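Asker: Below is the file coords.tsv, with TSV, C-alpha atoms and all ligand atoms.
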chain	number	residue	atom	x	y	z
A	1	MET	CA	38.65	-9.56	34.17
A	2	THR	CA	37.23	-8.12	37.39
A	3	ILE	CA	39.70	-8.81	40.15
A	4	PRO	CA	38.09	-10.69	43.05
A	5	GLN	CA	38.51	-9.33	46.54
A	6	LEU	CA	40.80	-11.66	48.46
A	7	THR	CA	41.11	-12.22	52.21
A	8	LEU	CA	43.84	-14.53	53.46
A	9	TYR	CA	43.38	-16.18	56.85
A	10	SER	CA	46.98	-16.45	57.88
A	11	TYR	CA	49.36	-16.93	60.79
A	12	PHE	CA	52.70	-15.19	60.52
A	13	ARG	CA	54.67	-18.36	61.29
A	14	SER	CA	52.59	-20.71	59.14
A	15	SER	CA	54.74	-21.93	56.27
A	16	ALA	CA	51.66	-23.04	54.31
A	17	ALA	CA	50.29	-19.48	54.57
A	18	PHE	CA	53.77	-18.14	53.70
A	19	ARG	CA	53.58	-20.04	50.35
A	20	VAL	CA	50.28	-18.40	49.49
A	21	ARG	CA	51.50	-14.93	50.52
A	22	ILE	CA	54.50	-15.31	48.20
A	23	ALA	CA	52.30	-16.42	45.28
A	24	LEU	CA	49.89	-13.50	45.66
A	25	ASN	CA	52.79	-11.05	45.97
A	26	LEU	CA	54.53	-12.46	42.88
A	27	LYS	CA	51.31	-12.14	40.90
A	28	GLY	CA	50.87	-8.56	42.12
A	29	VAL	CA	47.40	-9.31	43.49
A	30	ALA	CA	46.10	-7.29	46.45
A	31	TYR	CA	44.74	-9.14	49.49
A	32	ASP	CA	43.72	-8.46	53.05
A	33	ILE	CA	45.04	-10.53	55.91
A	34	VAL	CA	43.00	-11.80	58.84
A	35	PRO	CA	45.44	-13.21	61.41
A	36	VAL	CA	44.50	-16.52	63.04
A	37	HIS	CA	46.72	-17.20	66.06
A	38	LEU	CA	47.53	-20.91	66.26
A	39	LEU	CA	48.64	-20.88	69.91
A	40	ARG	CA	46.77	-18.14	71.74
A	41	ASP	CA	43.83	-19.25	73.85
A	42	GLY	CA	44.09	-22.87	72.70
A	43	GLY	CA	44.38	-21.79	69.06
A	44	GLU	CA	42.05	-19.39	67.28
A	45	HIS	CA	41.86	-21.90	64.43
A	46	ARG	CA	39.80	-24.12	66.74
A	47	LYS	CA	37.19	-21.45	67.50
A	48	ASP	CA	33.66	-21.76	66.11
A	49	TRP	CA	33.99	-18.66	63.93
A	50	TYR	CA	36.98	-20.14	62.13
A	51	LYS	CA	35.56	-23.65	61.86
A	52	VAL	CA	32.79	-22.15	59.74
A	53	ILE	CA	35.47	-20.83	57.38
A	54	ASN	CA	37.69	-23.89	57.38
A	55	PRO	CA	36.21	-27.22	58.56
A	56	GLN	CA	39.75	-28.64	58.84
A	57	MET	CA	40.69	-25.85	61.29
A	58	ARG	CA	44.03	-25.03	59.70
A	59	VAL	CA	45.58	-22.07	57.99
A	60	PRO	CA	45.69	-20.85	55.31
A	61	SER	CA	42.20	-20.22	53.98
A	62	LEU	CA	41.54	-17.79	51.17
A	63	ALA	CA	38.18	-16.03	50.86
A	64	VAL	CA	37.38	-15.04	47.28
A	65	GLU	CA	34.62	-12.45	46.86
A	66	HIS	CA	33.33	-11.76	43.40
A	67	GLY	CA	30.00	-10.48	42.06
A	68	GLY	CA	28.39	-10.62	45.50
A	69	GLU	CA	29.48	-14.24	46.03
A	70	ARG	CA	31.98	-15.34	48.69
A	71	ARG	CA	33.79	-18.67	48.34
A	72	ILE	CA	36.45	-20.08	50.64
A	73	LEU	CA	39.46	-21.99	49.38
A	74	ILE	CA	41.51	-24.17	51.74
A	75	GLN	CA	44.71	-26.27	51.47
A	76	SER	CA	47.70	-24.31	50.16
A	77	PRO	CA	48.33	-26.60	47.12
A	78	ALA	CA	44.71	-26.12	45.99
A	79	ILE	CA	44.88	-22.39	46.71
A	80	LEU	CA	48.14	-22.09	44.76
A	81	GLU	CA	46.56	-23.89	41.80
A	82	TRP	CA	43.61	-21.49	41.85
A	83	ILE	CA	46.00	-18.53	41.98
A	84	GLU	CA	48.04	-19.88	39.06
A	85	GLU	CA	44.92	-20.58	36.97
A	86	THR	CA	43.29	-17.24	37.78
A	87	PHE	CA	46.39	-15.06	37.48
A	88	PRO	CA	48.60	-16.90	34.97
A	89	ARG	CA	51.38	-14.31	34.86
A	90	PRO	CA	54.10	-14.44	35.93
A	91	ALA	CA	53.89	-18.23	35.66
A	92	LEU	CA	54.89	-20.24	38.71
A	93	LEU	CA	55.53	-23.34	36.60
A	94	PRO	CA	57.91	-23.75	33.66
A	95	HIS	CA	56.54	-24.34	30.17
A	96	ASP	CA	58.20	-27.72	29.57
A	97	PRO	CA	56.11	-30.60	31.02
A	98	ILE	CA	59.15	-32.47	32.34
A	99	GLU	CA	60.39	-29.34	34.08
A	100	ARG	CA	56.89	-28.70	35.43
A	101	SER	CA	56.91	-32.17	36.90
A	102	ARG	CA	60.31	-31.56	38.50
A	103	VAL	CA	59.09	-28.32	40.08
A	104	ARG	CA	55.95	-30.07	41.35
A	105	SER	CA	57.99	-32.93	42.79
A	106	ILE	CA	60.13	-30.53	44.84
A	107	ALA	CA	57.01	-28.76	46.05
A	108	ALA	CA	55.49	-32.14	46.95
A	109	ILE	CA	58.52	-33.22	48.98
A	110	VAL	CA	57.96	-30.17	51.16
A	111	ALA	CA	54.15	-30.12	51.17
A	112	CYS	CA	53.52	-33.88	51.39
A	113	ASP	CA	56.58	-35.43	53.01
A	114	ILE	CA	58.12	-32.81	55.34
A	115	HIS	CA	55.51	-30.30	56.47
A	116	PRO	CA	52.64	-32.67	57.42
A	117	LEU	CA	54.90	-34.50	59.85
A	118	ASN	CA	56.04	-31.29	61.54
A	119	ASN	CA	52.95	-29.14	61.91
A	120	VAL	CA	51.56	-27.88	65.20
A	121	GLY	CA	48.93	-30.60	65.58
A	122	VAL	CA	51.43	-33.43	65.03
A	123	LEU	CA	53.99	-31.95	67.45
A	124	ASN	CA	51.30	-31.43	70.10
A	125	TYR	CA	50.18	-35.05	69.68
A	126	LEU	CA	53.76	-36.25	70.13
A	127	LYS	CA	54.16	-34.12	73.25
A	128	GLY	CA	50.70	-34.75	74.71
A	129	PRO	CA	49.05	-38.15	74.11
A	130	LEU	CA	52.33	-39.84	73.15
A	131	GLY	CA	54.24	-38.31	76.06
A	132	GLN	CA	57.39	-37.42	74.13
A	133	GLY	CA	59.81	-34.89	75.61
A	134	GLN	CA	61.19	-31.81	73.86
A	135	GLU	CA	64.41	-33.63	72.88
A	136	ALA	CA	62.55	-36.38	71.04
A	137	VAL	CA	60.20	-33.90	69.39
A	138	SER	CA	63.12	-31.75	68.19
A	139	ALA	CA	64.87	-34.83	66.81
A	140	TRP	CA	61.67	-35.83	64.98
A	141	TYR	CA	61.32	-32.31	63.55
A	142	ALA	CA	64.92	-32.18	62.32
A	143	HIS	CA	64.81	-35.70	60.93
A	144	TRP	CA	61.96	-35.03	58.50
A	145	ILE	CA	63.36	-31.73	57.31
A	146	ARG	CA	66.82	-33.16	56.74
A	147	THR	CA	65.48	-36.28	54.99
A	148	GLY	CA	63.48	-34.17	52.54
A	149	PHE	CA	66.28	-31.64	52.06
A	150	GLU	CA	68.78	-34.41	51.26
A	151	ALA	CA	66.64	-35.30	48.24
A	152	ILE	CA	65.95	-31.71	47.17
A	153	GLU	CA	69.64	-30.78	47.42
A	154	GLN	CA	70.36	-33.35	44.70
A	155	MET	CA	67.45	-32.20	42.53
A	156	ILE	CA	68.31	-28.52	42.17
A	157	ALA	CA	71.11	-26.45	40.67
A	158	PRO	CA	70.28	-22.85	41.58
A	159	ALA	CA	70.27	-20.51	38.60
A	160	PRO	CA	69.74	-18.50	40.76
A	161	TYR	CA	66.33	-19.90	41.86
A	162	ALA	CA	65.68	-23.55	42.63
A	163	CYS	CA	64.61	-24.46	39.08
A	164	GLY	CA	65.96	-21.77	36.81
A	165	ASP	CA	66.02	-18.05	36.31
A	166	ARG	CA	62.48	-17.45	37.61
A	167	PRO	CA	60.91	-18.30	40.93
A	168	THR	CA	58.59	-21.30	40.72
A	169	LEU	CA	56.41	-23.34	43.03
A	170	ALA	CA	59.62	-25.05	44.13
A	171	ASP	CA	60.92	-21.80	45.67
A	172	LEU	CA	57.50	-21.03	47.14
A	173	HIS	CA	57.69	-24.26	49.11
A	174	LEU	CA	61.39	-24.36	49.84
A	175	VAL	CA	61.83	-20.88	51.30
A	176	PRO	CA	59.18	-21.22	54.07
A	177	GLN	CA	60.55	-24.65	54.94
A	178	VAL	CA	64.05	-23.17	55.32
A	179	PHE	CA	62.55	-20.52	57.64
A	180	ASN	CA	61.05	-23.30	59.75
A	181	ALA	CA	64.36	-25.17	59.86
A	182	ARG	CA	66.18	-22.06	61.04
A	183	ARG	CA	63.54	-21.25	63.63
A	184	PHE	CA	63.91	-24.69	65.17
A	185	LYS	CA	67.71	-24.61	64.81
A	186	VAL	CA	67.83	-27.62	62.48
A	187	PRO	CA	71.37	-27.80	61.02
A	188	ILE	CA	71.08	-27.11	57.28
A	189	ASP	CA	74.48	-25.60	56.43
A	190	ASP	CA	75.34	-28.76	54.51
A	191	PHE	CA	72.67	-27.95	51.91
A	192	PRO	CA	74.45	-25.19	49.95
A	193	ARG	CA	72.16	-25.36	46.92
A	194	ILE	CA	69.02	-25.01	48.99
A	195	LEU	CA	70.57	-22.10	50.88
A	196	ALA	CA	71.70	-20.37	47.67
A	197	ALA	CA	68.24	-20.69	46.09
A	198	THR	CA	66.63	-19.38	49.28
A	199	GLU	CA	69.00	-16.43	49.44
A	200	ALA	CA	68.24	-15.54	45.81
A	201	ALA	CA	64.49	-15.77	46.36
A	202	MET	CA	64.62	-13.65	49.50
A	203	MET	CA	66.20	-10.83	47.48
A	204	LEU	CA	62.84	-10.51	45.72
A	205	GLU	CA	60.39	-8.09	47.29
A	206	ALA	CA	57.53	-10.61	46.85
A	207	PHE	CA	59.31	-13.12	49.09
A	208	ALA	CA	60.61	-10.58	51.61
A	209	ARG	CA	57.13	-9.04	52.02
A	210	ALA	CA	55.68	-12.52	52.66
A	211	ALA	CA	58.19	-13.39	55.39
A	212	PRO	CA	56.93	-14.06	58.94
A	213	GLU	CA	58.61	-10.97	60.40
A	214	ALA	CA	56.94	-8.72	57.80
A	215	GLN	CA	53.41	-9.80	58.73
A	216	PRO	CA	50.91	-7.63	60.62
A	217	ASP	CA	50.59	-10.32	63.32
A	218	ALA	CA	54.36	-10.89	63.73
A	219	GLU	CA	55.50	-11.16	67.33
B	301	LIG	N1	48.25	-29.24	53.86
B	301	LIG	C1	47.81	-28.02	54.47
B	301	LIG	C2	48.50	-27.86	55.78
B	301	LIG	C3	47.95	-26.71	56.58
B	301	LIG	C4	48.51	-26.73	57.98
B	301	LIG	O1	48.80	-27.78	58.57
B	301	LIG	N2	48.70	-25.54	58.53
B	301	LIG	C5	49.24	-25.45	59.84
B	301	LIG	C6	50.09	-24.21	59.97
B	301	LIG	S1	51.45	-24.21	58.86
B	301	LIG	C7	48.10	-25.41	60.83
B	301	LIG	O2	47.12	-24.73	60.62
B	301	LIG	N3	48.25	-26.16	61.91
B	301	LIG	C8	47.27	-26.19	62.93
B	301	LIG	C9	47.23	-27.53	63.60
B	301	LIG	O3	47.98	-28.42	63.20
B	301	LIG	O4	46.44	-27.64	64.53
B	301	LIG	C10	48.12	-26.83	53.56
B	301	LIG	O5	49.09	-26.92	52.82
B	301	LIG	O6	47.37	-25.84	53.59
What's the structure tokens form of this structure?

Answerer:
Amino acid sequence: MTIPQLTLYSYFRSSAAFRVRIALNLKGVAYDIVPVHLLRDGGEHRKDWYKVINPQMRVPSLAVEHGGERRILIQSPAILEWIEETFPRPALLPHDPIERSRVRSIAAIVACDIHPLNNVGVLNYLKGPLGQGQEAVSAWYAHWIRTGFEAIEQMIAPAPYACGDRPTLADLHLVPQVFNARRFKVPIDDFPRILAATEAAMMLEAFARAAPEAQPDAE
């Protein structure tokens, strides 16, 4: 198979982009990064040049160039599926369908029930049009992380990764969400399983190289 040329539109602190960086690193696939700053100058993701790439004006986006054709993928779950289907090894899902479903459910708690409530646009809407102060916004942020983590903590038994002896989509979602929690000083010390799985994953070069501080646009 000819390997497509990949360009990831990323922001170092974006946890959705972090998931995709981990997946590409685990698969050993090369990619270029084009940083898109979410705060500078009103947000580069809102500029016309980026809107052409991603009509939703969010990161990540993944440009796939192959045989003279350039296609853009958006939405990290859809991008991760494309990565898994295009580069099947190492697999990011277990073989057993029940286990696959468990992994997907942990990923979905993060991607569908925590992250969408806490992204930049939502927090700005709380602060701006809804007139909420920093204290209320921080409480909101912590509430949704802790609510999701309470469920995930009961669903995993690190061995050493969230769902067994290999990193899966569960770890790809969990680790960036833990980074976000720490950045916003959300108390998570009472989730020892989540912390153990995160620590194990971060020992892997693929995760460490995807971390916000290792990015070319890190500040
Ligand atoms: N469901 C989307 C979420 C993407 C998303 O919200 N990305 C954030 C950064 S982590 C973003 O671009 N926020 C910009 C904004 O909310 O204006 C995905 O998983 O790709």

Asker: At most 8 Å from (52.1, -24.1, 37.8), file frame, all atoms listed in the file: which residues, as a list in words?

Answerer: Glu81, Glu84, Ala91, Leu92, Leu93, Pro94, Arg100, Arg104, Thr168 and Leu169 of chain A

Asker: Need to verify the contact set: Pro90 of chain A, 10 Å, only C-alpha atoms, exclusion of same-chain residues closer than 6 positions in sequence. Can you return it as number ranges by chain?

Answerer: A: 23, 26-28, 84, 166-168

Asker: Show me which residues sit within 9 Å of ligand LIG 301 (chain B) when counting all atoms listed in the file, and put them as a PyMOL selection string.

Answerer: chain A and resi 10-11+13-20+36+38-39+43+45-46+56-61+74-79+111-112+115-116+118-124

Asker: Residues of the last selection are to be written out with C-alpha atoms, as a short mmCIF file (atom, residue, chain, number, x, y, z; two decimals), in the coordinates of the input.

Answerer:
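As a result, again39.cif now contains:
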data_model
loop_
_atom_site.label_atom_id
_atom_site.label_comp_id
_atom_site.auth_asym_id
_atom_site.auth_seq_id
_atom_site.Cartn_x
_atom_site.Cartn_y
_atom_site.Cartn_z
CA SER A 10 46.98 -16.45 57.88
CA TYR A 11 49.36 -16.93 60.79
CA ARG A 13 54.67 -18.36 61.29
CA SER A 14 52.59 -20.71 59.14
CA SER A 15 54.74 -21.93 56.27
CA ALA A 16 51.66 -23.04 54.31
CA ALA A 17 50.29 -19.48 54.57
CA PHE A 18 53.77 -18.14 53.70
CA ARG A 19 53.58 -20.04 50.35
CA VAL A 20 50.28 -18.40 49.49
CA VAL A 36 44.50 -16.52 63.04
CA LEU A 38 47.53 -20.91 66.26
CA LEU A 39 48.64 -20.88 69.91
CA GLY A 43 44.38 -21.79 69.06
CA HIS A 45 41.86 -21.90 64.43
CA ARG A 46 39.80 -24.12 66.74
CA GLN A 56 39.75 -28.64 58.84
CA MET A 57 40.69 -25.85 61.29
CA ARG A 58 44.03 -25.03 59.70
CA VAL A 59 45.58 -22.07 57.99
CA PRO A 60 45.69 -20.85 55.31
CA SER A 61 42.20 -20.22 53.98
CA ILE A 74 41.51 -24.17 51.74
CA GLN A 75 44.71 -26.27 51.47
CA SER A 76 47.70 -24.31 50.16
CA PRO A 77 48.33 -26.60 47.12
CA ALA A 78 44.71 -26.12 45.99
CA ILE A 79 44.88 -22.39 46.71
CA ALA A 111 54.15 -30.12 51.17
CA CYS A 112 53.52 -33.88 51.39
CA HIS A 115 55.51 -30.30 56.47
CA PRO A 116 52.64 -32.67 57.42
CA ASN A 118 56.04 -31.29 61.54
CA ASN A 119 52.95 -29.14 61.91
CA VAL A 120 51.56 -27.88 65.20
CA GLY A 121 48.93 -30.60 65.58
CA VAL A 122 51.43 -33.43 65.03
CA LEU A 123 53.99 -31.95 67.45
CA ASN A 124 51.30 -31.43 70.10
#

Asker: In file coordinates, which residues lie within 12 Å of (66.1, -22.3, 57.6) using only C-alpha atoms, given as a short mmCIF file (atom, residue, chain, number, x, y, z; two decimals) with C-alpha atoms, in the frame of the given file?

Answerer:
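This is the output file part.cif:
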data_model
loop_
_atom_site.label_atom_id
_atom_site.label_comp_id
_atom_site.auth_asym_id
_atom_site.auth_seq_id
_atom_site.Cartn_x
_atom_site.Cartn_y
_atom_site.Cartn_z
CA SER A 15 54.74 -21.93 56.27
CA ALA A 142 64.92 -32.18 62.32
CA ILE A 145 63.36 -31.73 57.31
CA ARG A 146 66.82 -33.16 56.74
CA PHE A 149 66.28 -31.64 52.06
CA LEU A 174 61.39 -24.36 49.84
CA VAL A 175 61.83 -20.88 51.30
CA PRO A 176 59.18 -21.22 54.07
CA GLN A 177 60.55 -24.65 54.94
CA VAL A 178 64.05 -23.17 55.32
CA PHE A 179 62.55 -20.52 57.64
CA ASN A 180 61.05 -23.30 59.75
CA ALA A 181 64.36 -25.17 59.86
CA ARG A 182 66.18 -22.06 61.04
CA ARG A 183 63.54 -21.25 63.63
CA PHE A 184 63.91 -24.69 65.17
CA LYS A 185 67.71 -24.61 64.81
CA VAL A 186 67.83 -27.62 62.48
CA PRO A 187 71.37 -27.80 61.02
CA ILE A 188 71.08 -27.11 57.28
CA ASP A 189 74.48 -25.60 56.43
CA ASP A 190 75.34 -28.76 54.51
CA PHE A 191 72.67 -27.95 51.91
CA PRO A 192 74.45 -25.19 49.95
CA ILE A 194 69.02 -25.01 48.99
CA LEU A 195 70.57 -22.10 50.88
CA ALA A 196 71.70 -20.37 47.67
CA ALA A 197 68.24 -20.69 46.09
CA THR A 198 66.63 -19.38 49.28
CA GLU A 199 69.00 -16.43 49.44
CA MET A 202 64.62 -13.65 49.50
#

Asker: Excluding Val103 of chain A and its own-chain neighbours fewer than 2 positions away, which residues fall within 12 Å of it when counting only C-alpha atoms? Please give them as a ChimeraX atom specification.

Answerer: /A:92-101,105-110,152,155-156,161-164,166-174

Asker: Kindly output segment 21-32 of chain A as a PDB file, in the frame of the given file, after building all heavy atoms.

Answerer:
ATOM      1  N   ARG A  21      51.151 -16.362  50.518  1.00  0.00           N
ATOM      2  CA  ARG A  21      51.500 -14.930  50.520  1.00  0.00           C
ATOM      3  C   ARG A  21      52.510 -14.644  49.406  1.00  0.00           C
ATOM      4  O   ARG A  21      52.401 -13.643  48.691  1.00  0.00           O
ATOM      5  CB  ARG A  21      52.077 -14.523  51.890  1.00  0.00           C
ATOM      6  CG  ARG A  21      51.074 -14.662  53.054  1.00  0.00           C
ATOM      7  CD  ARG A  21      51.572 -13.960  54.311  1.00  0.00           C
ATOM      8  NE  ARG A  21      52.818 -14.453  54.856  1.00  0.00           N
ATOM      9  CZ  ARG A  21      52.936 -15.227  55.947  1.00  0.00           C
ATOM     10  NH1 ARG A  21      51.844 -15.624  56.596  1.00  0.00           N
ATOM     11  NH2 ARG A  21      54.117 -15.604  56.390  1.00  0.00           N
ATOM     12  N   ILE A  22      53.500 -15.527  49.258  1.00  0.00           N
ATOM     13  CA  ILE A  22      54.500 -15.310  48.200  1.00  0.00           C
ATOM     14  C   ILE A  22      53.815 -15.316  46.832  1.00  0.00           C
ATOM     15  O   ILE A  22      54.074 -14.446  45.985  1.00  0.00           O
ATOM     16  CB  ILE A  22      55.597 -16.406  48.213  1.00  0.00           C
ATOM     17  CG1 ILE A  22      56.372 -16.419  49.519  1.00  0.00           C
ATOM     18  CG2 ILE A  22      56.565 -16.189  47.040  1.00  0.00           C
ATOM     19  CD1 ILE A  22      57.276 -17.665  49.690  1.00  0.00           C
ATOM     20  N   ALA A  23      52.951 -16.300  46.600  1.00  0.00           N
ATOM     21  CA  ALA A  23      52.300 -16.420  45.280  1.00  0.00           C
ATOM     22  C   ALA A  23      51.505 -15.157  44.956  1.00  0.00           C
ATOM     23  O   ALA A  23      51.614 -14.603  43.845  1.00  0.00           O
ATOM     24  CB  ALA A  23      51.397 -17.646  45.247  1.00  0.00           C
ATOM     25  N   LEU A  24      50.708 -14.694  45.920  1.00  0.00           N
ATOM     26  CA  LEU A  24      49.890 -13.500  45.660  1.00  0.00           C
ATOM     27  C   LEU A  24      50.781 -12.288  45.415  1.00  0.00           C
ATOM     28  O   LEU A  24      50.505 -11.470  44.538  1.00  0.00           O
ATOM     29  CB  LEU A  24      48.944 -13.257  46.844  1.00  0.00           C
ATOM     30  CG  LEU A  24      47.829 -14.297  47.010  1.00  0.00           C
ATOM     31  CD1 LEU A  24      47.102 -14.095  48.341  1.00  0.00           C
ATOM     32  CD2 LEU A  24      46.840 -14.231  45.854  1.00  0.00           C
ATOM     33  N   ASN A  25      51.875 -12.189  46.174  1.00  0.00           N
ATOM     34  CA  ASN A  25      52.790 -11.050  45.970  1.00  0.00           C
ATOM     35  C   ASN A  25      53.454 -11.124  44.601  1.00  0.00           C
ATOM     36  O   ASN A  25      53.581 -10.114  43.909  1.00  0.00           O
ATOM     37  CB  ASN A  25      53.878 -11.045  47.059  1.00  0.00           C
ATOM     38  CG  ASN A  25      53.326 -10.749  48.439  1.00  0.00           C
ATOM     39  OD1 ASN A  25      52.180 -10.331  48.577  1.00  0.00           O
ATOM     40  ND2 ASN A  25      54.142 -10.962  49.469  1.00  0.00           N
ATOM     41  N   LEU A  26      53.881 -12.332  44.196  1.00  0.00           N
ATOM     42  CA  LEU A  26      54.530 -12.460  42.880  1.00  0.00           C
ATOM     43  C   LEU A  26      53.566 -12.090  41.759  1.00  0.00           C
ATOM     44  O   LEU A  26      53.965 -11.502  40.748  1.00  0.00           O
ATOM     45  CB  LEU A  26      55.026 -13.901  42.670  1.00  0.00           C
ATOM     46  CG  LEU A  26      56.346 -14.287  43.339  1.00  0.00           C
ATOM     47  CD1 LEU A  26      56.561 -15.802  43.246  1.00  0.00           C
ATOM     48  CD2 LEU A  26      57.532 -13.549  42.712  1.00  0.00           C
ATOM     49  N   LYS A  27      52.309 -12.442  41.941  1.00  0.00           N
ATOM     50  CA  LYS A  27      51.310 -12.140  40.900  1.00  0.00           C
ATOM     51  C   LYS A  27      50.866 -10.680  40.943  1.00  0.00           C
ATOM     52  O   LYS A  27      50.117 -10.231  40.082  1.00  0.00           O
ATOM     53  CB  LYS A  27      50.073 -13.033  41.092  1.00  0.00           C
ATOM     54  CG  LYS A  27      50.348 -14.525  41.046  1.00  0.00           C
ATOM     55  CD  LYS A  27      50.627 -15.015  39.653  1.00  0.00           C
ATOM     56  CE  LYS A  27      50.732 -16.528  39.628  1.00  0.00           C
ATOM     57  NZ  LYS A  27      51.008 -17.060  38.282  1.00  0.00           N
ATOM     58  N   GLY A  28      51.267  -9.967  41.998  1.00  0.00           N
ATOM     59  CA  GLY A  28      50.870  -8.560  42.120  1.00  0.00           C
ATOM     60  C   GLY A  28      49.402  -8.388  42.436  1.00  0.00           C
ATOM     61  O   GLY A  28      48.786  -7.389  42.054  1.00  0.00           O
ATOM     62  N   VAL A  29      48.822  -9.362  43.154  1.00  0.00           N
ATOM     63  CA  VAL A  29      47.400  -9.310  43.490  1.00  0.00           C
ATOM     64  C   VAL A  29      47.237  -8.797  44.925  1.00  0.00           C
ATOM     65  O   VAL A  29      47.918  -9.281  45.829  1.00  0.00           O
ATOM     66  CB  VAL A  29      46.787 -10.732  43.398  1.00  0.00           C
ATOM     67  CG1 VAL A  29      45.309 -10.685  43.707  1.00  0.00           C
ATOM     68  CG2 VAL A  29      47.024 -11.317  42.020  1.00  0.00           C
ATOM     69  N   ALA A  30      46.328  -7.845  45.101  1.00  0.00           N
ATOM     70  CA  ALA A  30      46.100  -7.290  46.450  1.00  0.00           C
ATOM     71  C   ALA A  30      45.261  -8.258  47.287  1.00  0.00           C
ATOM     72  O   ALA A  30      44.398  -8.959  46.752  1.00  0.00           O
ATOM     73  CB  ALA A  30      45.370  -5.954  46.341  1.00  0.00           C
ATOM     74  N   TYR A  31      45.525  -8.301  48.583  1.00  0.00           N
ATOM     75  CA  TYR A  31      44.740  -9.140  49.490  1.00  0.00           C
ATOM     76  C   TYR A  31      44.808  -8.572  50.895  1.00  0.00           C
ATOM     77  O   TYR A  31      45.777  -7.917  51.265  1.00  0.00           O
ATOM     78  CB  TYR A  31      45.251 -10.604  49.492  1.00  0.00           C
ATOM     79  CG  TYR A  31      46.714 -10.757  49.860  1.00  0.00           C
ATOM     80  CD1 TYR A  31      47.098 -11.155  51.148  1.00  0.00           C
ATOM     81  CD2 TYR A  31      47.719 -10.494  48.935  1.00  0.00           C
ATOM     82  CE1 TYR A  31      48.436 -11.299  51.489  1.00  0.00           C
ATOM     83  CE2 TYR A  31      49.061 -10.630  49.276  1.00  0.00           C
ATOM     84  CZ  TYR A  31      49.414 -11.031  50.542  1.00  0.00           C
ATOM     85  OH  TYR A  31      50.742 -11.161  50.872  1.00  0.00           O
ATOM     86  N   ASP A  32      43.734  -8.827  51.630  1.00  0.00           N
ATOM     87  CA  ASP A  32      43.720  -8.460  53.050  1.00  0.00           C
ATOM     88  C   ASP A  32      44.128  -9.685  53.852  1.00  0.00           C
ATOM     89  O   ASP A  32      43.931 -10.817  53.411  1.00  0.00           O
ATOM     90  CB  ASP A  32      42.309  -8.045  53.480  1.00  0.00           C
ATOM     91  CG  ASP A  32      41.874  -6.762  52.801  1.00  0.00           C
ATOM     92  OD1 ASP A  32      42.737  -5.876  52.603  1.00  0.00           O
ATOM     93  OD2 ASP A  32      40.691  -6.660  52.438  1.00  0.00           O
TER      94      ASP A  32
END
